[in-house]
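Source file: run-v1.csv. Holds: CSV, C-alpha atoms and all ligand atoms.
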```
chain,number,residue,atom,x,y,z
A,1010,MET,CA,-9.3,17.3,4.0
A,1011,MET,CA,-10.9,20.7,3.2
A,1012,ARG,CA,-10.0,20.3,-0.5
A,1013,LEU,CA,-11.7,17.0,-1.3
A,1014,ALA,CA,-14.4,17.7,1.3
A,1015,ALA,CA,-15.4,20.9,-0.5
A,1016,ALA,CA,-15.7,19.0,-3.8
A,1017,MET,CA,-17.8,16.4,-2.0
A,1018,LEU,CA,-20.3,19.0,-0.8
A,1019,LEU,CA,-20.7,20.2,-4.4
A,1020,SER,CA,-21.2,16.6,-5.7
A,1021,LEU,CA,-23.9,15.9,-3.1
A,1022,ASN,CA,-26.0,18.6,-4.7
A,1023,THR,CA,-26.0,16.7,-7.9
A,1024,ALA,CA,-26.3,13.1,-6.6
A,1025,THR,CA,-29.1,11.0,-8.0
A,1026,ALA,CA,-31.3,8.6,-6.0
A,1027,ALA,CA,-29.3,5.6,-7.3
A,1028,ASP,CA,-26.2,7.3,-5.9
A,1029,LEU,CA,-27.7,7.5,-2.4
A,1030,GLN,CA,-27.8,3.8,-1.4
A,1031,PRO,CA,-26.4,3.0,2.0
A,1032,PHE,CA,-22.6,2.9,1.8
A,1033,LYS,CA,-19.8,4.8,3.3
A,1034,ASP,CA,-19.1,7.7,0.9
A,1035,ALA,CA,-15.3,7.6,0.5
A,1036,GLY,CA,-15.2,10.8,-1.6
A,1037,PRO,CA,-16.8,12.5,-4.5
A,1038,TYR,CA,-15.9,11.9,-8.1
A,1039,VAL,CA,-12.8,14.0,-8.7
A,1040,PRO,CA,-10.5,12.5,-11.3
A,1041,SER,CA,-6.7,12.5,-10.7
A,1042,PRO,CA,-5.0,14.6,-13.4
A,1043,GLN,CA,-3.4,12.3,-15.9
A,1044,SER,CA,0.1,13.5,-14.9
A,1045,VAL,CA,-0.6,12.4,-11.3
A,1046,VAL,CA,-1.8,9.1,-12.6
A,1047,SER,CA,1.4,8.6,-14.5
A,1048,ASP,CA,3.5,9.6,-11.4
A,1049,MET,CA,1.5,7.3,-9.1
A,1050,LEU,CA,2.1,4.3,-11.4
A,1051,ARG,CA,5.8,5.2,-11.8
A,1052,TYR,CA,6.5,5.5,-8.1
A,1053,ALA,CA,4.8,2.2,-7.5
A,1054,ASP,CA,7.0,0.7,-10.2
A,1055,VAL,CA,4.0,-0.9,-11.9
A,1056,SER,CA,4.9,-3.6,-14.5
A,1057,ALA,CA,3.2,-6.3,-16.5
A,1058,ASN,CA,3.6,-8.6,-13.5
A,1059,ASP,CA,1.3,-6.5,-11.4
A,1060,PHE,CA,-2.4,-6.8,-10.5
A,1061,LEU,CA,-3.6,-3.3,-9.6
A,1062,ILE,CA,-6.8,-2.4,-7.8
A,1063,ASP,CA,-8.1,1.2,-7.8
A,1064,LEU,CA,-10.4,1.9,-4.9
A,1065,GLY,CA,-13.0,4.3,-6.1
A,1066,SER,CA,-12.0,4.1,-9.7
A,1067,GLY,CA,-14.1,6.9,-11.2
A,1068,ASP,CA,-13.7,6.9,-15.0
A,1069,GLY,CA,-11.1,4.1,-14.7
A,1070,ARG,CA,-8.1,6.2,-15.8
A,1071,ILE,CA,-5.6,4.7,-13.3
A,1072,VAL,CA,-6.4,1.0,-14.1
A,1073,LEU,CA,-6.6,1.8,-17.8
A,1074,THR,CA,-3.3,3.6,-17.8
A,1075,ALA,CA,-1.6,0.8,-15.8
A,1076,ALA,CA,-2.8,-1.7,-18.4
A,1077,LYS,CA,-2.1,0.4,-21.5
A,1078,VAL,CA,1.3,1.8,-20.5
A,1079,PHE,CA,2.7,-0.8,-18.2
A,1080,GLY,CA,0.9,-4.0,-19.3
A,1081,ALA,CA,-0.6,-4.6,-15.8
A,1082,ARG,CA,-3.9,-6.4,-15.1
A,1083,GLY,CA,-6.4,-5.3,-12.5
A,1084,PHE,CA,-9.8,-3.9,-11.7
A,1085,GLY,CA,-11.5,-0.8,-10.4
A,1086,VAL,CA,-14.2,-0.8,-7.9
A,1087,GLU,CA,-16.6,2.2,-8.0
A,1088,ILE,CA,-20.0,2.9,-6.4
A,1089,LYS,CA,-21.4,5.0,-9.3
A,1090,GLU,CA,-22.9,2.9,-12.0
A,1091,ASP,CA,-22.5,5.5,-14.8
A,1092,LEU,CA,-18.7,5.7,-14.1
A,1093,VAL,CA,-18.4,1.9,-14.0
A,1094,LYS,CA,-20.1,1.8,-17.4
A,1095,ARG,CA,-17.9,4.5,-18.8
A,1096,ALA,CA,-14.8,2.8,-17.6
A,1097,ASN,CA,-15.8,-0.6,-19.0
A,1098,GLU,CA,-16.6,1.0,-22.4
A,1099,ALA,CA,-13.2,2.7,-22.4
A,1100,ALA,CA,-11.6,-0.7,-21.7
A,1101,GLN,CA,-13.4,-2.3,-24.6
A,1102,LYS,CA,-12.6,0.6,-26.9
A,1103,GLU,CA,-8.9,0.5,-26.1
A,1104,GLY,CA,-8.6,-3.3,-26.4
A,1105,LEU,CA,-7.9,-3.7,-22.7
A,1106,ALA,CA,-11.0,-5.6,-21.6
A,1107,ASP,CA,-9.2,-8.9,-21.4
A,1108,ARG,CA,-6.9,-7.4,-18.7
A,1109,VAL,CA,-9.0,-4.9,-16.8
A,1110,LYS,CA,-12.6,-4.6,-15.6
A,1111,PHE,CA,-14.7,-2.3,-13.5
A,1112,MET,CA,-17.3,-3.3,-11.0
A,1113,LYS,CA,-20.0,-1.5,-9.2
A,1114,ALA,CA,-19.3,-2.3,-5.6
A,1115,ASP,CA,-18.5,-0.8,-2.2
A,1116,LEU,CA,-14.8,-0.5,-1.9
A,1117,PHE,CA,-15.0,-1.3,1.9
A,1118,LYS,CA,-16.6,-4.7,1.1
A,1119,THR,CA,-14.4,-5.6,-1.9
A,1120,ASP,CA,-11.8,-8.5,-1.6
A,1121,ILE,CA,-8.5,-6.8,-2.4
A,1122,SER,CA,-6.2,-9.8,-1.5
A,1123,GLN,CA,-5.3,-10.3,-5.2
A,1124,ALA,CA,-3.6,-6.9,-5.5
A,1125,THR,CA,0.1,-6.3,-5.8
A,1126,VAL,CA,-0.6,-2.6,-6.2
A,1127,ILE,CA,-3.5,-0.6,-4.6
A,1128,THR,CA,-4.2,3.0,-5.7
A,1129,MET,CA,-6.6,5.5,-4.2
A,1130,TYR,CA,-7.7,9.1,-4.3
A,1131,LEU,CA,-10.1,9.2,-1.4
A,1132,LEU,CA,-11.1,11.4,1.6
A,1133,PRO,CA,-8.5,11.4,4.4
A,1134,ASP,CA,-10.7,9.7,7.0
A,1135,THR,CA,-11.5,7.0,4.5
A,1136,VAL,CA,-7.8,6.4,3.7
A,1137,ASN,CA,-7.2,5.8,7.4
A,1138,MET,CA,-10.3,3.6,7.8
A,1139,LEU,CA,-8.7,1.3,5.2
A,1140,LYS,CA,-5.5,0.8,7.1
A,1141,GLU,CA,-6.7,-2.4,9.0
A,1142,LYS,CA,-8.2,-3.8,5.7
A,1143,PHE,CA,-4.8,-3.3,4.0
A,1144,LEU,CA,-2.9,-5.0,6.8
A,1145,GLY,CA,-5.4,-7.8,7.1
A,1146,GLU,CA,-5.9,-8.6,3.4
A,1147,LEU,CA,-2.8,-7.6,1.4
A,1148,ARG,CA,0.3,-9.7,1.1
A,1149,PRO,CA,3.6,-8.3,2.4
A,1150,GLY,CA,5.3,-6.3,-0.3
A,1151,THR,CA,2.1,-5.0,-1.9
A,1152,ARG,CA,2.5,-1.3,-2.8
A,1153,ILE,CA,-0.2,1.2,-1.8
A,1154,VAL,CA,-0.2,4.6,-3.6
A,1155,SER,CA,-2.4,7.4,-2.2
A,1156,HIS,CA,-3.0,10.7,-4.0
A,1157,ASP,CA,-3.0,13.6,-1.6
A,1158,TYR,CA,-3.8,11.9,1.7
A,1159,PRO,CA,-1.5,9.8,4.0
A,1160,LEU,CA,-2.0,6.7,6.1
A,1161,THR,CA,-1.5,8.3,9.4
A,1162,GLY,CA,1.3,6.8,11.5
A,1163,TRP,CA,2.6,4.6,8.6
A,1164,ILE,CA,6.0,5.8,7.4
A,1165,PRO,CA,5.8,6.0,3.6
A,1166,GLU,CA,8.5,4.4,1.5
A,1167,LYS,CA,8.4,7.5,-0.6
A,1168,TYR,CA,6.5,10.7,-0.7
A,1169,VAL,CA,6.5,13.4,-3.3
A,1170,GLN,CA,5.1,16.9,-3.2
A,1171,MET,CA,4.6,19.0,-6.4
A,1172,ASP,CA,2.7,21.9,-7.6
A,1173,LEU,CA,0.3,21.3,-10.5
A,1174,GLU,CA,-1.9,23.9,-12.3
A,1175,ASP,CA,-4.5,21.1,-13.0
A,1176,LYS,CA,-5.2,20.8,-9.3
A,1177,VAL,CA,-6.5,24.3,-8.8
A,1178,GLN,CA,-9.7,23.3,-10.6
A,1179,ILE,CA,-10.0,20.3,-8.3
A,1180,SER,CA,-8.9,21.5,-4.9
A,1181,GLY,CA,-8.3,25.3,-5.2
A,1182,VAL,CA,-4.6,24.9,-4.6
A,1183,THR,CA,-1.7,23.6,-6.7
A,1184,THR,CA,-0.3,21.3,-4.0
A,1185,THR,CA,-0.2,17.7,-4.9
A,1186,LEU,CA,1.1,14.8,-2.8
A,1187,ILE,CA,1.8,11.2,-3.7
A,1188,TYR,CA,2.5,8.7,-0.9
A,1189,LEU,CA,3.9,5.2,-1.5
A,1190,TYR,CA,3.6,2.5,1.2
A,1191,ILE,CA,4.8,-1.1,1.2
A,1192,VAL,CA,2.8,-3.6,3.2
A,1193,PRO,CA,5.0,-5.1,5.9
A,1194,ALA,CA,5.2,-8.7,6.9
A,1195,LYS,CA,3.9,-9.6,10.4
A,1196,VAL,CA,6.9,-10.2,12.6
A,1197,ALA,CA,5.8,-9.4,16.1
A,1198,GLY,CA,6.3,-12.2,18.6
A,1199,LYS,CA,8.9,-14.6,20.0
A,1200,TRP,CA,10.9,-16.6,17.4
A,1201,GLU,CA,13.2,-19.5,17.9
A,1202,ALA,CA,16.3,-18.5,16.0
A,1203,HIS,CA,19.1,-20.8,14.8
A,1204,MET,CA,21.9,-18.3,14.6
A,1205,PRO,CA,25.3,-18.9,12.9
A,1206,PRO,CA,27.5,-21.0,15.3
A,1207,ALA,CA,29.8,-18.0,15.8
A,1208,ILE,CA,26.9,-16.2,17.5
A,1209,SER,CA,25.2,-19.0,19.3
A,1210,LYS,CA,25.5,-22.8,19.2
A,1211,GLN,CA,22.1,-23.1,21.0
A,1212,PRO,CA,18.7,-22.0,19.6
A,1213,ALA,CA,18.2,-18.3,20.7
A,1214,THR,CA,15.0,-16.4,21.4
A,1215,LEU,CA,14.5,-13.5,19.0
A,1216,SER,CA,11.8,-11.2,20.5
A,1217,LEU,CA,10.3,-8.7,18.0
A,1218,LYS,CA,7.8,-5.8,18.6
A,1219,GLN,CA,6.1,-4.2,15.6
A,1220,GLN,CA,4.1,-1.1,14.8
A,1221,LEU,CA,3.4,-1.1,11.1
A,1222,THR,CA,6.9,-0.9,9.5
A,1223,ARG,CA,8.7,-0.1,12.7
A,1224,VAL,CA,10.3,-3.0,14.4
A,1225,SER,CA,12.4,-3.3,17.5
A,1226,GLY,CA,13.6,-6.2,19.6
A,1227,SER,CA,16.4,-8.3,21.1
A,1228,VAL,CA,18.0,-11.7,21.0
A,1229,ARG,CA,18.7,-13.6,24.2
A,1230,LEU,CA,22.3,-14.8,24.0
A,1231,ASP,CA,24.1,-16.5,26.9
A,1232,GLY,CA,21.5,-15.3,29.4
A,1233,HIS,CA,21.7,-11.6,28.1
A,1234,ASP,CA,19.2,-9.7,26.0
A,1235,VAL,CA,21.2,-8.1,23.1
A,1236,PRO,CA,19.2,-5.3,21.5
A,1237,LEU,CA,18.7,-5.2,17.8
A,1238,GLU,CA,19.9,-2.1,15.9
A,1239,ASP,CA,19.2,-0.6,12.5
A,1240,VAL,CA,16.1,-2.8,12.2
A,1241,LYS,CA,14.4,-2.4,8.8
A,1242,LEU,CA,11.3,-4.2,7.5
A,1243,ARG,CA,10.4,-3.6,3.8
A,1244,GLY,CA,7.6,-5.9,2.7
A,1245,ASP,CA,8.9,-9.4,3.6
A,1246,LYS,CA,12.6,-8.3,3.9
A,1247,LEU,CA,14.0,-7.9,7.4
A,1248,THR,CA,17.5,-6.6,8.2
A,1249,PHE,CA,19.1,-5.9,11.6
A,1250,LYS,CA,22.4,-5.8,13.5
A,1251,LEU,CA,23.2,-6.9,17.0
A,1252,ALA,CA,24.3,-4.2,19.4
A,1253,GLY,CA,28.0,-4.2,19.9
A,1254,ARG,CA,28.7,-6.9,17.3
A,1255,LYS,CA,29.7,-6.8,13.7
A,1256,GLY,CA,27.7,-8.0,10.8
A,1257,GLU,CA,24.2,-7.5,9.3
A,1258,PHE,CA,21.5,-10.1,9.4
A,1259,SER,CA,19.1,-10.2,6.5
A,1260,GLY,CA,16.1,-12.4,6.1
A,1261,THR,CA,12.9,-13.1,4.2
A,1262,VAL,CA,9.8,-13.6,6.3
A,1263,LYS,CA,7.7,-16.5,5.0
A,1264,GLY,CA,4.7,-16.6,7.3
A,1265,SER,CA,5.9,-18.2,10.5
A,1266,ALA,CA,9.5,-18.7,9.3
A,1267,ILE,CA,12.4,-16.5,8.5
A,1268,GLU,CA,15.2,-17.6,6.3
A,1269,GLY,CA,18.3,-15.4,6.0
A,1270,MET,CA,22.0,-14.8,6.0
A,1271,LEU,CA,24.5,-13.1,8.1
A,1272,ASP,CA,26.6,-10.8,5.9
A,1273,GLY,CA,25.2,-12.6,2.9
A,1274,LYS,CA,27.4,-15.7,3.8
A,1275,THR,CA,26.3,-17.6,6.8
A,1276,PRO,CA,22.7,-18.9,7.0
A,1277,TRP,CA,20.3,-18.3,10.0
A,1278,THR,CA,16.7,-19.2,10.4
A,1279,ALA,CA,13.9,-18.5,12.8
A,1280,THR,CA,10.5,-20.1,13.6
A,1281,LEU,CA,7.6,-18.2,15.2
A,1282,GLY,CA,6.7,-19.4,18.6
A,1283,GLY,CA,9.3,-22.2,18.3
B,1,LIG,C1,-11.7,11.3,-5.9
B,1,LIG,S1,-12.5,10.1,-7.0
B,1,LIG,C2,-11.1,9.2,-7.6
B,1,LIG,C3,-11.3,8.6,-9.0
B,1,LIG,C4,-10.1,7.9,-9.5
B,1,LIG,N1,-9.5,6.9,-8.6
B,1,LIG,C5,-9.0,8.8,-9.9
B,1,LIG,O1,-8.0,9.0,-9.1
B,1,LIG,O2,-9.1,9.5,-11.0
B,1,LIG,C6,-13.2,8.9,-5.7
B,1,LIG,C7,-14.2,7.9,-6.3
B,1,LIG,O3,-14.5,7.0,-5.3
B,1,LIG,C8,-15.9,6.7,-5.5
B,1,LIG,N2,-16.4,6.1,-4.2
B,1,LIG,C9,-16.7,6.8,-3.1
B,1,LIG,N3,-17.1,6.0,-2.1
B,1,LIG,C10,-17.0,4.7,-2.6
B,1,LIG,C11,-17.3,3.5,-2.1
B,1,LIG,N4,-17.7,3.3,-0.8
B,1,LIG,N5,-17.1,2.4,-2.8
B,1,LIG,C12,-16.7,2.5,-4.1
B,1,LIG,N6,-16.4,3.7,-4.7
B,1,LIG,C13,-16.6,4.8,-4.0
B,1,LIG,C14,-16.5,8.0,-5.9
B,1,LIG,O4,-17.7,7.7,-6.6
B,1,LIG,C15,-15.4,8.5,-6.8
B,1,LIG,O5,-15.6,8.2,-8.2
```
Transcribe the structure of this file into structure tokens.
Amino acid sequence: MMRLAAAMLLSLNTATAADLQPFKDAGPYVPSPQSVVSDMLRYADVSANDFLIDLGSGDGRIVLTAAKVFGARGFGVEIKEDLVKRANEAAQKEGLADRVKFMKADLFKTDISQATVITMYLLPDTVNMLKEKFLGELRPGTRIVSHDYPLTGWIPEKYVQMDLEDKVQISGVTTTLIYLYIVPAKVAGKWEAHMPPAISKQPATLSLKQQLTRVSGSVRLDGHDVPLEDVKLRGDKLTFKLAGRKGEFSGTVKGSAIEGMLDGKTPWTATLGG
């Protein structure tokens, strides 16, 4: 927090009147070193199938690199007009303007539902203010990559720490962190599950509790609640075992339905609130 906050104080001294319109300042303009940009895109496994949105896009380097190196499409949203102009000019110059664009807008008010990848290098309190927006607007499986600051309480899919000389100029220290998160499907609630006949011939109630990617629960079988074990939720993919029984249940969450297999062989399904 101290690192980007110190840079923020410096930037406030040089802010113009146009920069001071009412909006929540999510951080000063401090570009991510190009090597960090490459790593962020690599960890997110960005490809030509992706639509990437950089929140607070600065000079546009993350979106431009995603388009140039990985063939992705996307946009950057940035509050400072001069940076938006610079990024759009770079897109034109590099022949990328048909795939990327940059808009002057407040990132908190921007519709991000189109994204398959979100990137950000913002102040730590901002990153955490965005958590609800991410869960509300992004589709399950969307990757979120944050430079330096974590989404508190959300277990990252991956996190990498490294030391970079480039960062000393920016933050005073070499430490650099990259966090990768995957937006989980919403699974909390009571589901009517049609289990494989060997487990239950009657519909069974599958009760799931969820906190971000952490899921726990039980299935009511023959009048007993059997706890779920080894429950994992990655995007829309759910897996679990039943305590004391063999076999792994896997399933894909499709809104209010789950379709899956036991041990990849026997189908099972569930319907929310069924
Ligand atoms: C630390 S820089 C990151 C730039 C770029 N994403 C990168 O990693 O190189 C943060 C950027 O967010 C912009 N910003 C701050 N608050 C914003 C807001 N509410 N809406 C849009 N952009 C904002 C700043 O102007 C700044 O350019």
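With all atoms listed in the file as the basis for measurement, A:Gly1065 is the residue among A:Gly1065, A:Pro1159, A:Pro1042, A:Pro1149 that approaches ligand LIG 1 (chain B) most closely.
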Original post:
Which is closer to Tyr1052 in chain A than all the others in A:Gly1282, A:Gly1145, A:Pro1165, A:Pro1206, using all atoms listed in the file?
Top reply: A:Pro1165
**OP:** Pick out the residues sitting within 7 Å of range 1081-1084 of chain A, and hand them over as a ChimeraX atom specification; count only C-alpha atoms, and ignore anything fewer than 5 positions along from it in its own chain.
**Re:** /A:1056-1063,1072,1075-1076,1108-1111
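CA of Asp1134 in chain A sits 26.8 Å away from CA of Lys1218 in chain A.
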Original post:
When the cut-off is 7 Å and you count only C-alpha atoms and all ligand atoms, which residues lie near ligand LIG 1 (chain B), shown as a VMD selection string?
Top reply: chain A and resid 1032 to 1042 1063 to 1071 1086 to 1089 1114 to 1117 1129 to 1131
Can you spit out the residues from that selection as a PDB file, in the coordinates of the input, using C-alpha atoms?
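As written to disk, part_27.pdb reads:
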```
ATOM      1  CA  PHE A1032     -22.600   2.900   1.800  1.00  0.00           C
ATOM      2  CA  LYS A1033     -19.800   4.800   3.300  1.00  0.00           C
ATOM      3  CA  ASP A1034     -19.100   7.700   0.900  1.00  0.00           C
ATOM      4  CA  ALA A1035     -15.300   7.600   0.500  1.00  0.00           C
ATOM      5  CA  GLY A1036     -15.200  10.800  -1.600  1.00  0.00           C
ATOM      6  CA  PRO A1037     -16.800  12.500  -4.500  1.00  0.00           C
ATOM      7  CA  TYR A1038     -15.900  11.900  -8.100  1.00  0.00           C
ATOM      8  CA  VAL A1039     -12.800  14.000  -8.700  1.00  0.00           C
ATOM      9  CA  PRO A1040     -10.500  12.500 -11.300  1.00  0.00           C
ATOM     10  CA  SER A1041      -6.700  12.500 -10.700  1.00  0.00           C
ATOM     11  CA  PRO A1042      -5.000  14.600 -13.400  1.00  0.00           C
ATOM     12  CA  ASP A1063      -8.100   1.200  -7.800  1.00  0.00           C
ATOM     13  CA  LEU A1064     -10.400   1.900  -4.900  1.00  0.00           C
ATOM     14  CA  GLY A1065     -13.000   4.300  -6.100  1.00  0.00           C
ATOM     15  CA  SER A1066     -12.000   4.100  -9.700  1.00  0.00           C
ATOM     16  CA  GLY A1067     -14.100   6.900 -11.200  1.00  0.00           C
ATOM     17  CA  ASP A1068     -13.700   6.900 -15.000  1.00  0.00           C
ATOM     18  CA  GLY A1069     -11.100   4.100 -14.700  1.00  0.00           C
ATOM     19  CA  ARG A1070      -8.100   6.200 -15.800  1.00  0.00           C
ATOM     20  CA  ILE A1071      -5.600   4.700 -13.300  1.00  0.00           C
ATOM     21  CA  VAL A1086     -14.200  -0.800  -7.900  1.00  0.00           C
ATOM     22  CA  GLU A1087     -16.600   2.200  -8.000  1.00  0.00           C
ATOM     23  CA  ILE A1088     -20.000   2.900  -6.400  1.00  0.00           C
ATOM     24  CA  LYS A1089     -21.400   5.000  -9.300  1.00  0.00           C
ATOM     25  CA  ALA A1114     -19.300  -2.300  -5.600  1.00  0.00           C
ATOM     26  CA  ASP A1115     -18.500  -0.800  -2.200  1.00  0.00           C
ATOM     27  CA  LEU A1116     -14.800  -0.500  -1.900  1.00  0.00           C
ATOM     28  CA  PHE A1117     -15.000  -1.300   1.900  1.00  0.00           C
ATOM     29  CA  MET A1129      -6.600   5.500  -4.200  1.00  0.00           C
ATOM     30  CA  TYR A1130      -7.700   9.100  -4.300  1.00  0.00           C
ATOM     31  CA  LEU A1131     -10.100   9.200  -1.400  1.00  0.00           C
TER      32      LEU A1131
END
```
**OP:** Would you kindly return, as a ChimeraX atom specification, each protein, DNA or RNA residue with an atom no farther than 9 Å from any atom of range 1263-1276 of chain A, considering only C-alpha atoms and excluding same-chain residues fewer than 2 positions away?
**Re:** /A:1194-1196,1200,1202-1205,1245,1247,1256-1261,1278-1282
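Separating CA of Asp1054 in chain A from CA of Gln1178 in chain A is a distance of 28.1 Å.
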Subject >> Selection as a VMD selection string: residues within 6 Å of (6.5, -6.1, -3.0), counting all atoms listed in the file >> reply: chain A and resid 1150 to 1151 1244
Would you write out those residues with C-alpha atoms, as a compact mmCIF listing (two decimals), in the frame of the given file?
```txt
# COMPACT_ATOMS: atom_id res chain seq x y z
CA GLY A 1150 5.30 -6.30 -0.30
CA THR A 1151 2.10 -5.00 -1.90
CA GLY A 1244 7.60 -5.90 2.70
```
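Across A:Lys1255, A:Arg1051, A:His1156, A:Lys1118, the tightest approach to Thr1184 in chain A is made by A:His1156 when counting all atoms listed in the file.
Here CA of Ile1121 in chain A is placed at a distance of 6.9 Å from CA of Leu1147 in chain A.
With all atoms listed in the file as the atoms that count, the minimum distance from Ile1153 in chain A to the choices A:Val1078, A:Leu1189, A:Met1171, A:Ala1100 is reached by A:Leu1189.
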Just give me the residues with any atom within 12 Å of (10.1, 0.6, 18.2), file coordinates, counting all atoms listed in the file, written as a tab-separated table (two decimals) with C-alpha atoms, in the frame of the given file.
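This is the output file point34.tsv:
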```
chain	number	residue	atom	x	y	z
A	1197	ALA	CA	5.80	-9.40	16.10
A	1217	LEU	CA	10.30	-8.70	18.00
A	1218	LYS	CA	7.80	-5.80	18.60
A	1219	GLN	CA	6.10	-4.20	15.60
A	1220	GLN	CA	4.10	-1.10	14.80
A	1221	LEU	CA	3.40	-1.10	11.10
A	1222	THR	CA	6.90	-0.90	9.50
A	1223	ARG	CA	8.70	-0.10	12.70
A	1224	VAL	CA	10.30	-3.00	14.40
A	1225	SER	CA	12.40	-3.30	17.50
A	1226	GLY	CA	13.60	-6.20	19.60
A	1227	SER	CA	16.40	-8.30	21.10
A	1236	PRO	CA	19.20	-5.30	21.50
A	1237	LEU	CA	18.70	-5.20	17.80
A	1238	GLU	CA	19.90	-2.10	15.90
A	1239	ASP	CA	19.20	-0.60	12.50
A	1240	VAL	CA	16.10	-2.80	12.20
A	1241	LYS	CA	14.40	-2.40	8.80
A	1242	LEU	CA	11.30	-4.20	7.50
```
**OP:** Give the answer as one residue: which of A:Leu1144, A:Ile1179, A:Val1169, A:Leu1251 has the shortest atom-to-atom distance to Asp1048 in chain A, using all atoms listed in the file?
**Re:** A:Val1169
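Of the listed residues (A:Thr1125, A:Asn1137, A:Thr1185, A:Thr1074), A:Thr1074 comes nearest to Ala1096 in chain A; the distances count all atoms listed in the file.
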